[in-house]
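Novice: Before I ask anything, here is the structure I am working with.
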Amino acid sequence: MKTAVSTAKNSAWSLVFSDFKEITKARLAVSVVFSSIAGYLLAPVAINPISLLLLAFGGYCMVGASNVYNQIIERDLDALMSRTKNRPIPSGRMSVNKALTIAILLTVLGVIALYYLNPKTAMFGAISIFLYTSVYTPLKTKTPLAVFVGAFPGAIPFMLGWVAATNDFGIEPGTLFMIQFFWQFPHFWALGWMLDEDYKKGGFKMLPTGKKDRGTALQIVMYTIWMIVISVIPAFGITGALTLSIPAAIIVFLMGMVMLVFALRLYEKRDNPAARKLMLASVSYITLMQLVYVIDKFL
């Protein structure tokens with residue numbers, strides 16, 4: 001009997017933890033935290049383990065809060081789409097009030113953690129939540145420009161780490177911001193291409209032309225090129241304390257060219273398999289690019 005009760009409790013906690021991961025989009029939040037830590041490690045300061053922990057914790061809280069607010073706002077639309085109808089709120093496993101409590105708690109904890117680092121970091125974190133929930137989310141059903149707006153909070157994490165380490169915003173974090181800003185367009189448009197039919201069920205306008213056509217594919221190619229250009233600019237010595245060696249710049253450039261090849265294939269084929277390959281290539285690119293930057297600094 002005790003074993004059965006214990007098993008039931010474990011199963012209940014497992015479900016609660018699973019729902020928490022899903023409503024905060026744990027995989028996305030962890031990738032964002034990774035970007036922030038990479039930005040911190042690139043800053044010209046001594047590494048402080050406590051600061052890194054505060055950045056990781058605060059970053060997860062802020063991203064998690066944004067995702068919970070988003071799912072509260074879009075709960076009725078999520079119920080219409082195949083990929084989101086089983087999320088905690090539309091499936092009925094979590095009430096709106098419970099989700100809102102989680103979102104508020106994460107917001108408060110996140111702001112406090114980032115404020116302990118410095119006020120600028122907390123400010124940028126708060127701006128990120130505001131833009132994501134109050135501007136990007138409602139625009140998704142109104143205009144494809146929502147992706148452009150969403151690219152701003154999405155680009156903050158990489159630069160946030162630098163600001164957390166230095167308490168300063170200048171050309172260095174600005175460059176990190178621009179790299180991740182331009183990267184988001186091919187990444188999210190590739191994802192939007194794959195999920196276009198499902199997105200339309202919820203009324204979301206995610207592709208720049210509204211269609212899976214040559215115009216959308218061309219914009220994906222162009223933004224990929226801009227991403228490559230921005231990614232190697234630190235090798236030219238014009239971005240202050242943010243530098244990149246020539247060998248590292250060549251590696252970053254070649255990785256970008258691989259992503260460009262996938263973008264060109266999407267332009268040529270204009271089908272979901274090509275979009276999926278580009279999306280996967282973009283995920284690999286942003287992670288490997290950040291690793292190259294960090295490794296290059298310490299070599």
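Order determines the names: the first chain of the structure tokens is A, the second B, and so forth; residues in each chain are numbered 1 upward, and ligands are numbered 1 upward as they are shown.
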With 10 Å as the cut-off and only C-alpha atoms counted, what is the closest atom pair between each nearby residue of stretch 7-48 of chain A and stretch 172-190 of chain A? Distances in Å to one decimal, ordered by chain and number, as a Markdown table.
Specialist:
```
| residue | atom | partner | partner_atom | distance |
| --- | --- | --- | --- | --- |
| A:Ser35 | CA | A:Gln180 | CA | 9.3 |
| A:Gly39 | CA | A:Leu176 | CA | 7.6 |
| A:Tyr40 | CA | A:Pro173 | CA | 9.9 |
| A:Leu42 | CA | A:Glu172 | CA | 9.5 |
| A:Ala43 | CA | A:Glu172 | CA | 8.6 |
```
Novice: Which residues are close to A:Arg75, i.e. within 10 Å by only C-alpha atoms, leaving aside same-chain residues fewer than 2 positions away? Reply as a list in words.
Specialist: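 Once the adjacent positions are removed, what remains is Tyr69, Asn70, Gln71, Ile72, Ile73, Leu77, Asp78, Ala79, Leu80, Thr84, Lys85, Arg87, Pro88, Ile89, Pro90, Ser91 and Val96 of chain A.
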Novice: May I have the residues within 9 Å of A:Thr107 as a PyMOL selection string, using only C-alpha atoms and disregarding those fewer than 3 positions away in the same chain?
Specialist: chain A and resi 58+61-66+102-104+110-112+126+129
Novice: For atom CA of A:Gly215 and atom CA of A:Lys269, quote the distance in Å rounded to one decimal.
Specialist: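 Those two atoms sit 12.9 Å apart.
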Novice: Taking the DSSP secondary structure from the backbone, can you list the residues of stretch 164-281 of chain A that are alpha helix (DSSP H), as a CSV table (one decimal) with C-alpha atoms, in the first residue's frame?
Specialist:
```csv
chain,number,residue,atom,x,y,z
A,164,ALA,CA,26.1,41.4,-16.5
A,165,ALA,CA,29.9,41.1,-16.3
A,166,THR,CA,30.9,44.7,-17.1
A,171,ILE,CA,29.9,48.5,-29.1
A,172,GLU,CA,30.9,45.0,-27.7
A,173,PRO,CA,27.5,43.9,-26.4
A,174,GLY,CA,25.9,45.8,-29.3
A,175,THR,CA,27.8,43.6,-31.7
A,176,LEU,CA,26.8,40.5,-29.8
A,177,PHE,CA,23.2,41.7,-30.0
A,178,MET,CA,23.4,42.2,-33.8
A,179,ILE,CA,24.8,38.8,-34.4
A,180,GLN,CA,21.9,37.0,-32.7
A,181,PHE,CA,19.4,39.6,-34.1
A,182,PHE,CA,20.2,38.7,-37.7
A,183,TRP,CA,20.5,35.0,-36.9
A,184,GLN,CA,16.9,34.8,-35.8
A,185,PHE,CA,15.4,35.6,-39.2
A,186,PRO,CA,16.6,32.5,-41.1
A,187,HIS,CA,16.0,30.4,-38.0
A,188,PHE,CA,12.4,31.5,-37.2
A,189,TRP,CA,11.4,31.8,-40.9
A,190,ALA,CA,12.7,28.2,-41.5
A,191,LEU,CA,10.6,27.1,-38.5
A,192,GLY,CA,7.7,29.2,-39.7
A,193,TRP,CA,8.0,27.6,-43.1
A,194,MET,CA,7.8,24.1,-41.6
A,196,ASP,CA,3.0,27.3,-41.7
A,197,GLU,CA,-0.1,25.2,-42.0
A,198,ASP,CA,-0.4,24.7,-38.3
A,199,TYR,CA,0.4,28.4,-37.6
A,200,LYS,CA,-2.5,29.4,-39.9
A,201,LYS,CA,-4.9,27.4,-37.8
A,214,ARG,CA,10.4,32.6,-53.5
A,215,GLY,CA,10.1,36.0,-51.8
A,216,THR,CA,10.3,34.5,-48.3
A,217,ALA,CA,13.1,32.3,-49.3
A,218,LEU,CA,15.1,35.2,-50.8
A,219,GLN,CA,14.7,37.2,-47.5
A,220,ILE,CA,16.0,34.2,-45.6
A,221,VAL,CA,19.1,34.1,-47.8
A,222,MET,CA,19.7,37.8,-47.4
A,223,TYR,CA,19.4,37.8,-43.6
A,224,THR,CA,21.8,34.8,-43.5
A,225,ILE,CA,24.4,36.8,-45.5
A,226,TRP,CA,24.0,39.7,-43.1
A,227,MET,CA,24.4,37.3,-40.1
A,228,ILE,CA,27.7,36.0,-41.6
A,229,VAL,CA,29.0,39.5,-42.2
A,230,ILE,CA,28.2,40.7,-38.6
A,231,SER,CA,29.6,37.5,-37.1
A,232,VAL,CA,33.2,38.1,-38.5
A,246,ILE,CA,41.7,35.4,-38.0
A,247,PRO,CA,41.6,31.5,-37.7
A,248,ALA,CA,38.5,31.7,-35.5
A,249,ALA,CA,36.9,34.2,-38.0
A,250,ILE,CA,37.6,31.8,-40.8
A,251,ILE,CA,35.9,29.0,-38.9
A,252,VAL,CA,32.9,31.2,-38.1
A,253,PHE,CA,32.7,32.3,-41.7
A,254,LEU,CA,32.8,28.7,-43.0
A,255,MET,CA,30.1,27.7,-40.6
A,256,GLY,CA,28.0,30.6,-41.8
A,257,MET,CA,28.6,29.5,-45.4
A,258,VAL,CA,27.3,26.0,-44.5
A,259,MET,CA,24.1,27.6,-43.2
A,260,LEU,CA,23.9,29.8,-46.3
A,261,VAL,CA,24.1,26.6,-48.5
A,262,PHE,CA,21.0,25.3,-46.7
A,263,ALA,CA,19.3,28.7,-47.1
A,264,LEU,CA,20.0,28.6,-50.9
A,265,ARG,CA,18.7,25.0,-51.1
A,266,LEU,CA,15.4,26.3,-49.5
A,267,TYR,CA,15.3,29.0,-52.1
A,268,GLU,CA,15.8,26.4,-54.8
A,269,LYS,CA,13.4,23.7,-53.5
A,272,ASN,CA,9.5,21.5,-45.8
A,273,PRO,CA,12.5,19.1,-45.8
A,274,ALA,CA,14.8,21.9,-47.0
A,275,ALA,CA,13.3,24.3,-44.3
A,276,ARG,CA,13.9,21.7,-41.6
A,277,LYS,CA,17.5,21.2,-42.6
A,278,LEU,CA,18.0,25.0,-42.5
A,279,MET,CA,16.4,25.2,-39.1
A,280,LEU,CA,18.7,22.5,-37.7
A,281,ALA,CA,21.7,24.1,-39.3
```
Novice: Could you work out how far atom CA of A:Pro153 lies from atom CA of A:Leu131, giving the answer in Å with one decimal?
Specialist: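 Atom CA of A:Pro153 lies at a distance of 6.3 Å from atom CA of A:Leu131.
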Novice: Which polymer residues have any atom within 9 Å of an atom of A:Val135, counting only C-alpha atoms, with same-chain residues fewer than 3 positions away left out, as a ChimeraX atom specification?
Specialist: /A:130-132,138-140,146,149-150
Novice: Output all heavy atoms for every residue in the selection just made, as a CSV table (one decimal), in the first residue's frame.
Specialist:
```csv
chain,number,residue,atom,x,y,z
A,130,PHE,N,8.9,42.5,-21.4
A,130,PHE,CA,7.9,43.4,-21.9
A,130,PHE,C,7.7,43.3,-23.4
A,130,PHE,O,6.5,43.2,-23.9
A,130,PHE,CB,8.2,44.8,-21.6
A,130,PHE,CG,7.3,45.9,-22.2
A,130,PHE,CD1,6.1,46.1,-21.6
A,130,PHE,CD2,7.7,46.6,-23.3
A,130,PHE,CE1,5.2,47.0,-22.2
A,130,PHE,CE2,6.8,47.5,-23.9
A,130,PHE,CZ,5.6,47.7,-23.3
A,131,LEU,N,8.8,43.3,-24.2
A,131,LEU,CA,8.7,43.3,-25.6
A,131,LEU,C,8.1,41.9,-26.1
A,131,LEU,O,7.2,41.9,-27.0
A,131,LEU,CB,10.0,43.5,-26.3
A,131,LEU,CG,10.6,44.9,-26.2
A,131,LEU,CD1,12.1,44.9,-26.8
A,131,LEU,CD2,9.8,45.8,-27.0
A,132,TYR,N,8.5,40.8,-25.5
A,132,TYR,CA,8.0,39.5,-25.9
A,132,TYR,C,6.5,39.3,-25.6
A,132,TYR,O,5.8,38.8,-26.5
A,132,TYR,CB,8.8,38.4,-25.1
A,132,TYR,CG,8.6,37.0,-25.7
A,132,TYR,CD1,9.3,36.6,-26.8
A,132,TYR,CD2,7.6,36.2,-25.1
A,132,TYR,CE1,9.1,35.3,-27.3
A,132,TYR,CE2,7.4,34.9,-25.6
A,132,TYR,CZ,8.2,34.5,-26.7
A,132,TYR,OH,8.0,33.2,-27.2
A,138,PRO,N,1.1,39.8,-29.2
A,138,PRO,CA,-0.2,40.3,-29.8
A,138,PRO,C,0.0,40.5,-31.3
A,138,PRO,O,-1.0,40.5,-32.1
A,138,PRO,CB,-0.6,41.5,-29.1
A,138,PRO,CG,0.7,42.0,-28.4
A,138,PRO,CD,1.5,40.8,-28.1
A,139,LEU,N,1.2,40.9,-31.7
A,139,LEU,CA,1.4,41.2,-33.2
A,139,LEU,C,1.5,39.9,-34.0
A,139,LEU,O,1.3,40.0,-35.3
A,139,LEU,CB,2.8,41.9,-33.3
A,139,LEU,CG,2.8,43.4,-33.1
A,139,LEU,CD1,4.2,44.0,-33.3
A,139,LEU,CD2,1.8,44.2,-33.9
A,140,LYS,N,1.7,38.7,-33.5
A,140,LYS,CA,1.8,37.5,-34.2
A,140,LYS,C,0.6,37.2,-35.1
A,140,LYS,O,0.7,36.6,-36.1
A,140,LYS,CB,2.1,36.3,-33.3
A,140,LYS,CG,3.5,36.3,-32.8
A,140,LYS,CD,3.7,35.4,-31.6
A,140,LYS,CE,3.5,34.0,-32.0
A,140,LYS,NZ,3.7,33.1,-30.8
A,146,ALA,N,5.9,40.9,-36.8
A,146,ALA,CA,6.0,40.4,-35.4
A,146,ALA,C,7.4,39.7,-35.2
A,146,ALA,O,8.0,39.8,-34.2
A,146,ALA,CB,4.9,39.4,-35.1
A,149,VAL,N,10.0,42.3,-34.6
A,149,VAL,CA,9.8,42.8,-33.2
A,149,VAL,C,10.4,41.8,-32.2
A,149,VAL,O,11.1,42.1,-31.3
A,149,VAL,CB,8.4,43.2,-32.9
A,149,VAL,CG1,8.2,43.5,-31.4
A,149,VAL,CG2,7.9,44.3,-33.7
A,150,GLY,N,10.0,40.5,-32.5
A,150,GLY,CA,10.4,39.4,-31.6
A,150,GLY,C,11.9,39.2,-31.6
A,150,GLY,O,12.5,38.6,-30.6
```
Novice: Which residues of stretch 111-192 of chain A sit at most 10 Å from stretch 14-33 of chain A, using only C-alpha atoms? Give each one's shortest atom pair and distance in Å (one decimal place), in chain and ascending residue order, as a Markdown table.
Specialist:
```
| residue | atom | partner | partner_atom | distance |
| --- | --- | --- | --- | --- |
| A:Gly154 | CA | A:Val32 | CA | 8.5 |
| A:Ala155 | CA | A:Val32 | CA | 9.5 |
| A:Ile156 | CA | A:Val32 | CA | 9.3 |
| A:Pro157 | CA | A:Val32 | CA | 6.1 |
| A:Phe158 | CA | A:Val32 | CA | 7.9 |
| A:Leu160 | CA | A:Val33 | CA | 9.9 |
| A:Gly161 | CA | A:Val33 | CA | 9.0 |
```
Novice: Just N, CA, C and O atoms for this one: save the residues we selected as a short mmCIF file (atom, residue, chain, number, x, y, z; two decimals), in the first residue's frame.
Specialist:
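Written out: out.cif:
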```cif
data_model
loop_
_atom_site.label_atom_id
_atom_site.label_comp_id
_atom_site.auth_asym_id
_atom_site.auth_seq_id
_atom_site.Cartn_x
_atom_site.Cartn_y
_atom_site.Cartn_z
N GLY A 154 14.76 38.46 -28.45
CA GLY A 154 15.50 37.25 -28.73
C GLY A 154 16.99 37.46 -28.86
O GLY A 154 17.79 36.52 -28.65
N ALA A 155 17.40 38.69 -29.19
CA ALA A 155 18.83 39.00 -29.35
C ALA A 155 19.48 39.49 -28.07
O ALA A 155 20.70 39.63 -28.00
N ILE A 156 18.68 39.76 -27.05
CA ILE A 156 19.22 40.31 -25.81
C ILE A 156 20.12 39.35 -25.04
O ILE A 156 21.15 39.77 -24.49
N PRO A 157 19.82 38.04 -24.97
CA PRO A 157 20.62 37.15 -24.11
C PRO A 157 22.13 37.16 -24.35
O PRO A 157 22.91 37.19 -23.38
N PHE A 158 22.58 37.13 -25.59
CA PHE A 158 24.01 37.08 -25.89
C PHE A 158 24.72 38.33 -25.35
O PHE A 158 25.78 38.25 -24.74
N LEU A 160 23.43 40.24 -22.98
CA LEU A 160 23.13 40.38 -21.56
C LEU A 160 24.27 39.87 -20.69
O LEU A 160 24.56 40.45 -19.64
N GLY A 161 24.92 38.79 -21.14
CA GLY A 161 26.04 38.25 -20.38
C GLY A 161 27.17 39.25 -20.26
O GLY A 161 27.78 39.40 -19.18
#
```
Novice: Using atom CA of A:Leu145 and atom CA of A:Thr133 as the two end points, give the distance in Å to one decimal.
Specialist: 15.0 Å
Novice: Under the rule that only C-alpha atoms are counted, which of A:Lys205, A:Lys297, A:Arg83, A:Lys212 is the nearest residue to A:Phe148?
Specialist: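 Result for the nearest residue to A:Phe148: A:Lys205.
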